[in-house]
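Please read the structure below before turning to the comments.
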Amino acid sequence: MRKWTVASALLLSCAALLLAGEDIKLREFLKDQKYENGWIYEDIDAGYAEAKKTGKPLLVCFCCVP
Amino acid sequence: MAAEQDRDLKELLQKFVRVRLVQMGGVDLNIFQFDPLLSWALFFMNGDKTIYGRFGTAHQLAKRSQKDSNKNHTITGMKVALKGALAVHEQYVADQATMSKRLANKTGPKPLWRYVDKTPQAKKYKRMGRMRGDKGSCVHCHEVQRAAIDSYFMKKKELPDRMLWMYPHPEVVGVTLDRDRSARVTAVAPDSAAAHAGVKAGDDVVSFAGQPLLSVADFVWVLEITPDEGGKLPITVSRGGKNVDLELELAPLWRREGDFGWRYRVAGYAAWLWGGVSLADHKDGVLVANRSPGWFKKTNRDGWRELKRGDVIFEVDGKTGWTRSLYLAYLMREKKPGSVVKLKVKRKGRTTRVTFRVPAKRPEVLGH
């Protein structure tokens, strides 16, 4: 049972790392560093959560990358 | 970015939790509905997903490219919208019950598909998916419209007016709005719906269909969710320091007062149906203003060969006196692959009959 738990945890960690890698790849591709400071990038759920936590309104920018 | 040079803007932005989304794959279209022609657009919201307003409006004067559509965005107008959003947020926090009702229709009716990458069209072409770092997999904002139109065809549903004459400009109801203000009327067209309602130049529209307005985009949004059949919309304007309640009445087929022929996302269909020619409304019909180069030509070689620059199309399948949008809507709705299109055109002062066939395969062009 413990083996399965450890294996599942490892699998989930790998998936999370892969997803993080996707995000980094995306940013590298976009070469769009100027938005990084203070902007949540490509994660609307994190935006909802942060807005609820801080009580601030949310600004969502849809912006094509040239 | 403008905020780096503009301290006011920077300070305003810092009062928001800011999220940037760069492509439409996986974006919830039940919530995020905006003019897909825009190359950028803003939503002001609460963390509970209540929408306060929008900023960003494509305009038919921006015919040439997406970059031109940005000319409708000004920093001044954006600051006004940001300040307005902060005020609405305060009101919402203070009296959520009342504001929830006023803001309910800021969220649109559910589209046929909640995610663009789940549309039949997206499944078919398999080019839409989460951005994986390669340009080909990016789902652009404007592809939402294209995917929706294609999906209607694939489902054999007739395209409603709202899918073609989408995001109608304020000019459709007879008002011109100042892009630097939230919704100040700079001109009212005579004999228009706005003129009949009693709207005057200099009025500030403070509420439209019960919704508070943060920018021109919010005015456009109210029109966008108004049924094709029209109806009566309450409109409150501030005039000389007092609020005046008026009523704007839109007749059935009111959207057709506008023009969607400039929306280049329908260009693939226009090329398929007309043969890659660029059309402009003309006093005698529809002018073949130009013959587009490149891939457009290949989309319908027959049409490309038959229509000449300077032709004025004045009859399509026996129908006369229409605009380019009406003709295009007719062709998009009625013509199936392989159908014949019969035109009468004026060419060098003489009437000429032109017949060509719509290609057997629908256009499969996505992206740019």
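Residues are named by chain letter and number: chains run A, B, ... in the order of the structure tokens, numbers start at 1 in each chain, and ligands are numbered from 1 in the order shown.
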(request) Compile the contact shell of stretch 52-54 of chain A as an NGL selection string: residues with an atom at most 8 Å away, counting only C-alpha atoms, same-chain residues fewer than 4 positions apart removed. (result) (:A and (48)) or (:B and (46-48))
May I have the selected residues written with C-alpha atoms, as a PDB file, in the first residue's frame?
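As written to disk, again.pdb reads:
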ATOM      1  CA  TYR A  48      -9.454  34.210  -8.770  1.00  0.00           C
TER       2      TYR A  48
ATOM      3  CA  ASN B  46     -14.442  40.085  -8.834  1.00  0.00           C
ATOM      4  CA  GLY B  47     -12.650  36.955  -7.612  1.00  0.00           C
ATOM      5  CA  ASP B  48     -16.077  35.259  -7.527  1.00  0.00           C
TER       6      ASP B  48
END
(request) Would you please give, as a list in words, all residues of stretch 14-51 of chain B that DSSP assigns to strand (DSSP E) based on the backbone? (result) Val17, Arg18, Val19, Arg20, Leu21, Trp40, Ala41, Leu42, Phe43, Phe44, Met45 and Ile51 of chain B
Report as CSV the residues of chain B within 6 Å of chain A, each with its shortest atom pair and distance in Å (one decimal), using only C-alpha atoms, ordered by chain and increasing residue number.
residue,atom,partner,partner_atom,distance
B:Phe16,CA,A:Pro57,CA,5.2
B:Val17,CA,A:Leu58,CA,4.8
B:Arg18,CA,A:Leu59,CA,4.8
B:Val19,CA,A:Ile40,CA,4.6
B:Arg20,CA,A:Cys61,CA,4.8
B:Leu21,CA,A:Glu42,CA,4.7
B:Val22,CA,A:Cys63,CA,5.1
B:Ser39,CA,A:Cys64,CA,5.5
B:Trp40,CA,A:Cys63,CA,4.2
B:Ala41,CA,A:Phe62,CA,5.2
B:Leu42,CA,A:Cys61,CA,4.6
B:Phe43,CA,A:Val60,CA,5.0
B:Phe44,CA,A:Leu59,CA,4.9
B:Met45,CA,A:Leu58,CA,4.9
B:Asn46,CA,A:Pro57,CA,5.1
B:Gly47,CA,A:Tyr48,CA,4.4
B:Gly133,CA,A:Leu26,CA,4.7
Restricted to C-alpha atoms, what would the selected residues look like written as a short mmCIF file (atom, residue, chain, number, x, y, z; two decimals), in the first residue's frame?
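Okay, part.cif is ready:
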data_model
loop_
_atom_site.label_atom_id
_atom_site.label_comp_id
_atom_site.auth_asym_id
_atom_site.auth_seq_id
_atom_site.Cartn_x
_atom_site.Cartn_y
_atom_site.Cartn_z
CA PHE B 16 -5.84 45.03 -9.18
CA VAL B 17 -4.82 41.42 -9.14
CA ARG B 18 -3.54 41.16 -12.69
CA VAL B 19 -3.74 38.09 -14.89
CA ARG B 20 -2.48 37.81 -18.40
CA LEU B 21 -3.81 35.16 -20.79
CA VAL B 22 -2.08 34.88 -24.14
CA SER B 39 -5.61 41.68 -30.37
CA TRP B 40 -6.03 42.60 -26.72
CA ALA B 41 -8.94 43.11 -24.36
CA LEU B 42 -9.44 43.67 -20.65
CA PHE B 43 -11.97 42.27 -18.18
CA PHE B 44 -12.59 43.84 -14.78
CA MET B 45 -13.96 41.29 -12.35
CA ASN B 46 -14.44 40.08 -8.83
CA GLY B 47 -12.65 36.95 -7.61
CA GLY B 133 5.59 26.26 -26.99
#
(request) Name the residues of stretch 44-231 of chain B that fall into helix (DSSP H, G or I) according to DSSP on the backbone, using the chain letters and numbers of this document, as an MDAnalysis selection string. (result) chainID B and resid 66:72 75:94 96:106 116:118 120:125 135:137 142:154 161:164 170:173 193:197 216:224
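From atom CA of B:Leu273 back to atom CA of B:Ser151, the distance works out to 17.7 Å.
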(request) Can you pull out every residue within 12 Å of B:Phe208, counting only C-alpha atoms, but drop anything in the same chain fewer than 4 positions away, and send it as a VMD selection string? (result) chain B and resid 102 to 103 105 to 106 170 183 204 212 to 223 225 to 226 232 to 238 244 to 248
File dump, residues just selected, N, CA and C atoms, as a CSV table (one decimal), in the first residue's frame:
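So the final result, stored in again-v2.csv, reads:
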chain,number,residue,atom,x,y,z
B,102,ARG,N,-27.5,44.0,-11.1
B,102,ARG,CA,-27.1,45.0,-12.1
B,102,ARG,C,-26.0,44.4,-13.0
B,103,LEU,N,-25.2,43.5,-12.4
B,103,LEU,CA,-24.0,43.0,-13.2
B,103,LEU,C,-24.3,41.7,-13.8
B,105,ASN,N,-26.0,40.5,-16.3
B,105,ASN,CA,-25.9,40.4,-17.7
B,105,ASN,C,-24.6,40.8,-18.3
B,106,LYS,N,-23.6,41.1,-17.4
B,106,LYS,CA,-22.3,41.3,-18.0
B,106,LYS,C,-21.7,40.0,-18.4
B,170,PRO,N,-21.6,51.2,-31.6
B,170,PRO,CA,-22.6,52.2,-31.2
B,170,PRO,C,-23.3,52.9,-32.4
B,183,ALA,N,-18.5,56.5,-21.6
B,183,ALA,CA,-19.5,56.5,-22.7
B,183,ALA,C,-20.1,57.8,-22.9
B,204,ASP,N,-23.7,61.8,-21.1
B,204,ASP,CA,-22.9,60.7,-20.7
B,204,ASP,C,-23.8,59.5,-20.3
B,212,PRO,N,-24.1,49.2,-15.5
B,212,PRO,CA,-23.2,50.3,-15.4
B,212,PRO,C,-22.1,50.2,-16.6
B,213,LEU,N,-21.7,51.3,-17.1
B,213,LEU,CA,-20.7,51.3,-18.2
B,213,LEU,C,-19.4,51.8,-17.8
B,214,LEU,N,-18.3,51.1,-18.1
B,214,LEU,CA,-16.9,51.5,-17.8
B,214,LEU,C,-16.2,52.0,-19.0
B,215,SER,N,-16.7,51.6,-20.2
B,215,SER,CA,-16.0,51.9,-21.4
B,215,SER,C,-17.0,51.7,-22.6
B,216,VAL,N,-16.5,52.1,-23.7
B,216,VAL,CA,-17.3,51.9,-25.0
B,216,VAL,C,-17.6,50.4,-25.1
B,217,ALA,N,-16.6,49.6,-24.7
B,217,ALA,CA,-16.8,48.1,-24.9
B,217,ALA,C,-18.1,47.7,-24.1
B,218,ASP,N,-18.4,48.3,-23.0
B,218,ASP,CA,-19.6,47.9,-22.2
B,218,ASP,C,-20.9,48.3,-23.0
B,219,PHE,N,-20.8,49.4,-23.7
B,219,PHE,CA,-22.0,49.8,-24.5
B,219,PHE,C,-22.2,48.7,-25.6
B,220,VAL,N,-21.0,48.4,-26.3
B,220,VAL,CA,-21.1,47.4,-27.3
B,220,VAL,C,-21.6,46.1,-26.8
B,221,TRP,N,-21.2,45.7,-25.6
B,221,TRP,CA,-21.6,44.4,-25.0
B,221,TRP,C,-23.1,44.4,-24.8
B,222,VAL,N,-23.7,45.5,-24.4
B,222,VAL,CA,-25.2,45.5,-24.2
B,222,VAL,C,-25.8,45.2,-25.6
B,223,LEU,N,-25.3,45.8,-26.6
B,223,LEU,CA,-25.8,45.5,-28.0
B,223,LEU,C,-25.6,44.1,-28.4
B,225,ILE,N,-25.5,41.4,-26.6
B,225,ILE,CA,-26.4,40.4,-26.0
B,225,ILE,C,-27.9,40.7,-26.3
B,226,THR,N,-28.2,41.8,-27.0
B,226,THR,CA,-29.6,42.1,-27.4
B,226,THR,C,-30.0,41.2,-28.5
B,232,LYS,N,-36.8,46.8,-26.5
B,232,LYS,CA,-36.6,48.1,-25.9
B,232,LYS,C,-35.6,48.0,-24.8
B,233,LEU,N,-34.6,49.0,-24.8
B,233,LEU,CA,-33.5,49.0,-23.9
B,233,LEU,C,-33.6,50.3,-23.1
B,234,PRO,N,-33.7,50.2,-21.7
B,234,PRO,CA,-33.6,51.4,-20.9
B,234,PRO,C,-32.2,52.0,-21.0
B,235,ILE,N,-32.1,53.3,-21.1
B,235,ILE,CA,-30.8,53.9,-21.2
B,235,ILE,C,-30.9,55.2,-20.3
B,236,THR,N,-30.0,55.3,-19.4
B,236,THR,CA,-30.0,56.5,-18.5
B,236,THR,C,-28.7,57.3,-18.9
B,237,VAL,N,-29.0,58.6,-19.1
B,237,VAL,CA,-27.9,59.5,-19.5
B,237,VAL,C,-27.8,60.6,-18.4
B,238,SER,N,-26.6,61.1,-18.2
B,238,SER,CA,-26.3,62.2,-17.3
B,238,SER,C,-26.3,63.5,-18.3
B,244,VAL,N,-31.2,61.4,-16.8
B,244,VAL,CA,-32.4,61.4,-17.6
B,244,VAL,C,-32.7,59.9,-18.1
B,245,ASP,N,-33.8,59.4,-17.8
B,245,ASP,CA,-34.2,58.0,-18.2
B,245,ASP,C,-34.8,58.0,-19.6
B,246,LEU,N,-34.2,57.3,-20.5
B,246,LEU,CA,-34.8,57.2,-21.9
B,246,LEU,C,-35.0,55.7,-22.3
B,247,GLU,N,-35.5,55.5,-23.4
B,247,GLU,CA,-35.7,54.1,-23.9
B,247,GLU,C,-35.3,54.0,-25.4
B,248,LEU,N,-34.4,53.1,-25.6
B,248,LEU,CA,-33.9,52.9,-27.0
B,248,LEU,C,-34.6,51.7,-27.6
(request) Show which residues sit within 9 Å of B:Ala193, as a ChimeraX atom specification. Count only C-alpha atoms, and ignore same-chain residues fewer than 4 positions away. (result) /B:172-175,189,197-198,248-251
